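Just work06.csv here, CSV, C-alpha atoms:
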```
chain,number,residue,atom,x,y,z
A,1,GLY,CA,-5.6,13.3,23.2
A,2,GLN,CA,-6.4,10.0,21.6
A,3,GLN,CA,-3.4,8.4,19.9
A,4,VAL,CA,-2.5,5.3,18.0
A,5,MET,CA,0.9,4.1,19.0
A,6,GLN,CA,3.0,1.5,17.2
A,7,ILE,CA,6.2,-0.3,18.2
A,8,PRO,CA,8.9,-1.0,17.3
A,9,GLN,CA,9.8,1.9,15.0
A,10,TYR,CA,12.4,-0.2,13.2
A,11,GLN,CA,13.0,-3.9,12.9
A,12,HIS,CA,15.8,-5.7,11.1
A,13,VAL,CA,15.5,-9.5,10.6
A,14,GLN,CA,17.3,-12.2,8.8
A,15,GLU,CA,15.3,-13.7,6.0
A,16,GLY,CA,13.4,-16.6,7.4
A,17,GLU,CA,13.0,-15.1,10.8
A,18,ASP,CA,9.6,-14.1,12.2
A,19,PHE,CA,8.5,-10.5,12.7
A,20,THR,CA,5.8,-8.8,14.9
A,21,THR,CA,4.6,-5.2,15.1
A,22,TYR,CA,2.3,-4.0,17.8
A,23,CYS,CA,-0.3,-1.2,17.8
A,24,ASN,CA,-1.9,0.3,20.9
A,25,SER,CA,-4.7,2.8,21.3
A,26,SER,CA,-5.5,5.0,24.3
A,27,THR,CA,-9.2,4.3,23.7
A,28,THR,CA,-11.4,1.5,22.4
A,29,LEU,CA,-11.4,1.2,18.7
A,30,SER,CA,-14.4,0.2,16.6
A,31,ASN,CA,-12.1,-1.3,14.1
A,32,ILE,CA,-8.4,-1.4,13.1
A,33,GLN,CA,-6.9,-1.5,9.7
A,34,TRP,CA,-3.4,-2.5,8.6
A,35,TYR,CA,-1.5,-1.1,5.6
A,36,LYS,CA,1.9,-1.8,4.0
A,37,GLN,CA,4.0,0.8,2.3
A,38,ARG,CA,6.9,-0.4,0.1
A,39,PRO,CA,9.9,2.0,-0.1
A,40,GLY,CA,9.1,4.8,-2.4
A,41,GLY,CA,5.5,3.6,-2.7
A,42,HIS,CA,2.1,4.4,-1.3
A,43,PRO,CA,0.2,2.7,1.6
A,44,VAL,CA,-1.7,-0.3,0.5
A,45,PHE,CA,-4.6,-1.7,2.5
A,46,LEU,CA,-4.0,-5.2,3.9
A,47,ILE,CA,-6.9,-6.0,6.2
A,48,GLN,CA,-9.5,-4.7,8.6
A,49,LEU,CA,-10.4,-6.2,12.0
A,50,VAL,CA,-13.7,-5.4,13.7
A,51,LYS,CA,-14.5,-8.0,16.4
A,52,SER,CA,-13.0,-8.3,19.8
A,53,GLY,CA,-10.3,-11.1,19.8
A,54,GLU,CA,-10.5,-11.4,16.0
A,55,VAL,CA,-7.7,-13.2,14.3
A,56,LYS,CA,-7.3,-13.2,10.5
A,57,LYS,CA,-4.6,-14.8,8.4
A,58,GLN,CA,-3.3,-14.0,4.9
A,59,LYS,CA,-0.7,-16.6,4.0
A,60,ARG,CA,2.3,-15.9,6.2
A,61,LEU,CA,0.6,-12.8,7.9
A,62,THR,CA,-1.5,-13.1,11.0
A,63,PHE,CA,-3.5,-10.2,12.3
A,64,GLN,CA,-5.0,-10.0,15.8
A,65,PHE,CA,-7.4,-7.6,17.5
A,66,GLY,CA,-7.2,-7.5,21.3
A,67,GLU,CA,-10.1,-8.5,23.5
A,68,ALA,CA,-10.5,-5.0,24.8
A,69,LYS,CA,-10.2,-3.6,21.2
A,70,LYS,CA,-7.4,-1.3,22.2
A,71,ASN,CA,-4.5,-3.2,20.7
A,72,SER,CA,-3.6,-5.1,17.6
A,73,SER,CA,-0.7,-7.0,16.2
A,74,LEU,CA,0.7,-8.1,12.9
A,75,HIS,CA,2.9,-11.2,12.8
A,76,ILE,CA,4.8,-12.4,9.8
A,77,THR,CA,6.1,-15.9,9.8
A,78,ALA,CA,9.4,-16.7,7.9
A,79,THR,CA,10.0,-13.3,6.5
A,80,GLN,CA,11.0,-12.9,2.8
A,81,THR,CA,12.7,-10.0,1.1
A,82,THR,CA,9.3,-9.1,-0.5
A,83,ASP,CA,8.1,-8.3,3.0
A,84,VAL,CA,10.3,-5.2,3.2
A,85,GLY,CA,8.4,-2.0,3.8
A,86,THR,CA,6.7,0.0,6.5
A,87,TYR,CA,3.6,-1.5,8.2
A,88,PHE,CA,1.0,0.9,9.5
A,89,CYS,CA,-2.0,0.4,11.7
A,90,ALA,CA,-4.9,2.8,11.6
A,91,GLY,CA,-7.9,3.3,13.8
A,92,PRO,CA,-10.8,5.7,13.9
A,93,LEU,CA,-10.4,8.9,15.9
A,94,GLU,CA,-13.4,9.6,18.1
A,95,GLY,CA,-15.3,12.8,17.8
A,96,SER,CA,-17.9,14.5,15.7
A,97,ALA,CA,-15.9,13.9,12.5
A,98,ARG,CA,-14.5,10.4,12.9
A,99,GLN,CA,-11.7,9.4,10.5
A,100,LEU,CA,-8.7,7.1,10.5
A,101,THR,CA,-5.6,8.0,12.5
A,102,PHE,CA,-2.4,6.2,11.4
A,103,GLY,CA,0.2,4.9,13.8
A,104,SER,CA,3.8,5.9,13.2
A,105,GLY,CA,4.6,2.7,11.4
A,106,THR,CA,7.2,-0.1,11.8
A,107,GLN,CA,9.9,-0.1,9.1
A,108,LEU,CA,10.9,-3.7,8.4
A,109,THR,CA,14.2,-4.6,6.8
A,110,VAL,CA,14.8,-8.2,5.7
A,111,LEU,CA,18.4,-9.1,5.3
A,112,PRO,CA,19.1,-11.9,2.7
B,113,ASP,CA,-9.6,-0.3,-12.5
B,114,ALA,CA,-7.5,2.9,-12.7
B,115,GLY,CA,-7.1,3.5,-9.0
B,116,VAL,CA,-6.6,6.9,-7.5
B,117,ILE,CA,-4.7,9.2,-9.8
B,118,GLN,CA,-2.6,12.0,-8.6
B,119,SER,CA,-0.6,14.6,-10.5
B,120,PRO,CA,2.1,15.7,-10.7
B,121,ARG,CA,4.3,12.9,-9.3
B,122,HIS,CA,7.0,15.3,-8.5
B,123,GLU,CA,7.0,19.1,-8.0
B,124,VAL,CA,9.9,21.3,-7.3
B,125,THR,CA,9.2,25.0,-6.6
B,126,GLU,CA,10.7,28.0,-5.0
B,127,MET,CA,9.6,29.4,-1.7
B,128,GLY,CA,6.7,31.8,-2.2
B,129,GLN,CA,5.3,30.1,-5.3
B,130,GLU,CA,1.8,28.7,-5.5
B,131,VAL,CA,1.5,24.9,-5.7
B,132,THR,CA,-1.5,22.9,-6.9
B,133,LEU,CA,-1.8,19.2,-6.4
B,134,ARG,CA,-4.5,17.2,-8.2
B,135,CYS,CA,-6.4,14.1,-7.5
B,136,LYS,CA,-8.9,11.9,-9.3
B,137,PRO,CA,-10.6,9.4,-6.9
B,138,ILE,CA,-11.8,6.0,-7.8
B,139,SER,CA,-15.1,6.2,-9.6
B,140,GLY,CA,-18.0,5.7,-7.2
B,141,HIS,CA,-16.1,6.3,-4.0
B,142,ASN,CA,-17.8,8.9,-1.8
B,143,SER,CA,-15.0,10.0,0.5
B,144,LEU,CA,-11.7,11.6,-0.4
B,145,PHE,CA,-8.8,12.3,1.8
B,146,TRP,CA,-5.6,14.4,1.6
B,147,TYR,CA,-2.7,13.1,3.7
B,148,ARG,CA,0.8,14.5,4.1
B,149,GLN,CA,3.8,12.2,4.9
B,150,THR,CA,7.1,13.3,6.4
B,151,MET,CA,9.8,11.5,8.3
B,152,MET,CA,9.2,13.6,11.4
B,153,ARG,CA,5.4,13.6,11.6
B,154,GLY,CA,4.4,10.4,9.7
B,155,LEU,CA,1.1,10.3,7.9
B,156,GLU,CA,-1.1,13.2,8.8
B,157,LEU,CA,-4.7,13.7,7.6
B,158,LEU,CA,-5.1,17.2,6.2
B,159,ILE,CA,-8.7,17.2,5.2
B,160,TYR,CA,-11.4,14.9,4.0
B,161,PHE,CA,-14.5,15.2,1.9
B,162,ASN,CA,-17.6,13.2,2.0
B,163,ASN,CA,-19.9,13.4,-1.0
B,164,ASN,CA,-17.8,16.4,-2.2
B,165,VAL,CA,-18.4,18.3,1.1
B,166,PRO,CA,-15.4,19.1,3.4
B,167,ILE,CA,-16.1,17.4,6.7
B,168,ASP,CA,-12.9,17.8,8.7
B,169,ASP,CA,-10.2,20.3,7.8
B,170,SER,CA,-8.7,20.5,11.3
B,171,GLY,CA,-5.5,19.0,10.0
B,172,MET,CA,-4.8,21.8,7.5
B,173,PRO,CA,-1.7,23.4,8.8
B,174,GLU,CA,-2.7,27.1,8.2
B,175,ASP,CA,-4.4,29.5,5.9
B,176,ARG,CA,-1.8,28.9,3.2
B,177,PHE,CA,-3.4,25.5,2.6
B,178,SER,CA,-6.8,25.1,0.8
B,179,ALA,CA,-8.6,22.2,-0.7
B,180,LYS,CA,-11.5,21.9,-3.0
B,181,MET,CA,-13.7,19.2,-4.5
B,182,PRO,CA,-15.8,20.8,-7.2
B,183,ASN,CA,-17.2,17.4,-8.3
B,184,ALA,CA,-17.1,13.7,-7.4
B,185,SER,CA,-14.2,13.0,-9.7
B,186,PHE,CA,-11.7,15.8,-8.9
B,187,SER,CA,-10.0,17.5,-6.0
B,188,THR,CA,-7.2,19.9,-5.6
B,189,LEU,CA,-4.9,20.9,-2.7
B,190,LYS,CA,-3.4,24.3,-3.0
B,191,ILE,CA,-0.5,25.8,-1.1
B,192,GLN,CA,0.0,29.6,-1.4
B,193,PRO,CA,2.6,30.8,-0.7
B,194,SER,CA,4.7,27.6,-0.4
B,195,GLU,CA,7.5,27.3,2.3
B,196,PRO,CA,10.4,24.9,2.6
B,197,ARG,CA,8.7,23.2,5.6
B,198,ASP,CA,5.9,22.2,3.2
B,199,SER,CA,8.3,19.7,1.5
B,200,ALA,CA,6.7,16.3,1.9
B,201,VAL,CA,4.9,13.6,0.0
B,202,TYR,CA,1.2,14.4,-0.4
B,203,PHE,CA,-1.2,11.5,-0.8
B,204,CYS,CA,-4.7,11.5,-1.9
B,205,ALA,CA,-6.9,8.5,-1.0
B,206,SER,CA,-10.5,7.6,-1.6
B,207,SER,CA,-12.9,5.2,0.0
B,208,LEU,CA,-16.5,3.8,-0.3
B,209,GLY,CA,-18.7,3.8,2.7
B,210,GLN,CA,-18.1,5.3,6.2
B,211,PRO,CA,-14.8,7.2,6.2
B,212,TYR,CA,-13.7,5.7,9.6
B,213,ASN,CA,-14.3,2.0,8.8
B,214,SER,CA,-13.7,1.6,5.1
B,215,PRO,CA,-10.4,0.7,3.4
B,216,LEU,CA,-8.5,3.7,2.0
B,217,HIS,CA,-7.2,3.4,-1.6
B,218,PHE,CA,-4.1,5.7,-1.9
B,219,GLY,CA,-2.7,7.3,-5.0
B,220,ASN,CA,1.0,7.2,-5.8
B,221,GLY,CA,1.5,10.6,-4.2
B,222,THR,CA,3.1,13.9,-5.1
B,223,ARG,CA,6.6,14.5,-3.8
B,224,LEU,CA,6.8,18.2,-3.2
B,225,THR,CA,10.1,20.0,-2.7
B,226,VAL,CA,10.1,23.7,-1.8
B,227,THR,CA,13.5,25.4,-2.0
```
structure tokens encoding of this file:
Amino acid sequence: GQQVMQIPQYQHVQEGEDFTTYCNSSTTLSNIQWYKQRPGGHPVFLIQLVKSGEVKKQKRLTFQFGEAKKNSSLHITATQTTDVGTYFCAGPLEGSARQLTFGSGTQLTVLP
Amino acid sequence: DAGVIQSPRHEVTEMGQEVTLRCKPISGHNSLFWYRQTMMRGLELLIYFNNNVPIDDSGMPEDRFSAKMPNASFSTLKIQPSEPRDSAVYFCASSLGQPYNSPLHFGNGTRLTVT
């Protein structure tokens, strides 16, 4: 069945290093969303990408949607301790009742 | 802006007891979602409502789970009888617009422990 896969599952970085998480779908996505969940918190919407090849930036975060609209990435430049958390991508599941399917998430730890 | 409000924040109950989780979506939002989060299975969609009508409940684990949305400002998720494997964090989320391409606004969640 259709899946949204995310890698890596865990990532430890030193503060100041860059970080990237990747999201892949078995089918074309009409859009992809990214969320961040702090430890003990709830997922918080970060951004939505819709167009093929789209790139969006939020300060140190860069989001990219692949040309084939099957993959996406989130890159954080010069990580800070405030970036700690789990980053999820989410894409719509095809079918008669379409709704978002979340990837398994990448848990980021930033070492000071 | 109050956001999505869930209650209780924590629930500890014994196996076999009935559990009711509550959610108040953001005013004006037309879709409401119930998710369950565990370490093993991640974020799973249980059910979602559009304009108070259940659209997709294929994620509801079994007949022990039921959800209602009697009006646009309130929803419940009930587990009866509860089992230890139901222990998880249950999130309610709401959105405005199409459910598959609109941002979800999550509540703080209910951490359920069934002993």
Write out as CSV a residue-level contact list of chain A versus chain B with cut-off 6 Å: for each qualifying residue the closest pair of atoms and the distance in Å to one decimal, counting all atoms listed in the file, rows sorted by chain and residue number upward.
```
residue,atom,partner,partner_atom,distance
A:His42,CA,B:Asn220,CA,5.4
A:Pro92,CA,B:Tyr212,CA,5.2
A:Arg98,CA,B:Tyr212,CA,5.8
A:Gln99,CA,B:Tyr212,CA,4.3
A:Leu100,CA,B:Tyr212,CA,5.3
A:Ser104,CA,B:Gly154,CA,5.7
```
Set the distance at 7 Å and use only C-alpha atoms: which residues neighbour Gln192 (chain B) once local chain neighbours fewer than 4 positions away are removed? I'd like the list as a list in words.
Gln129, Glu130, Val131, Arg176 and Phe177 of chain B
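With CA of Pro112 (chain A) on one side and CA of Ile76 (chain A) on the other, the separation reads 16.0 Å.
Checking A:Gln80, A:Lys70, A:Gly41, A:Tyr87 one by one against Tyr202 (chain B), counting all atoms listed in the file, you find the shortest gap at A:Gly41.
Put simply, CA of Thr222 (chain B) is 25.3 Å away from CA of Gly209 (chain B).
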Skip region 7-23 of chain A itself and residues of its chain fewer than 5 positions away, then list as a PyMOL selection string all residues within 8 Å of it, counting all atoms listed in the file.
chain A and resi 71-81+87+89+103-112
Counting all atoms listed in the file, write as JSON, numbers by chain all protein and nucleic acid residues lying at most 12 Å from (-18.9, 6.2, -10.5) in the file's frame.
{"B": [113, 136, 137, 138, 139, 140, 141, 142, 163, 183, 184, 185, 208]}
Neighbourhood query: residues within 7 Å of (3.3, 0.8, 6.8), file coordinates, counting all atoms listed in the file; return as number ranges by chain.
A: 35-37, 43, 85-88, 105-106
List the spatial neighbours of Ser178 (chain B) as a PDB file with C-alpha atoms, in the coordinates of the input - criterion: any atom at most 7 Å away, all atoms listed in the file, same-chain residues fewer than 4 positions off excluded.
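Saved the output as part_18.pdb:
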```
ATOM      1  CA  LEU B 189      -4.900  20.900  -2.700  1.00  0.00           C
ATOM      2  CA  LYS B 190      -3.400  24.300  -3.000  1.00  0.00           C
ATOM      3  CA  ILE B 191      -0.500  25.800  -1.100  1.00  0.00           C
TER       4      ILE B 191
END
```
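The space between CA of Glu126 (chain B) and CA of Pro193 (chain B) spans 9.6 Å.
Proximity of B:Pro120, B:Gly115, B:Tyr147, B:Met127 to Ala179 (chain B), computed with all atoms listed in the file, is greatest for B:Tyr147.
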Pick from B:Val226, B:Ser143, B:Cys135, B:Phe186: nearest to Pro166 (chain B), with all atoms listed in the file counted?
B:Ser143
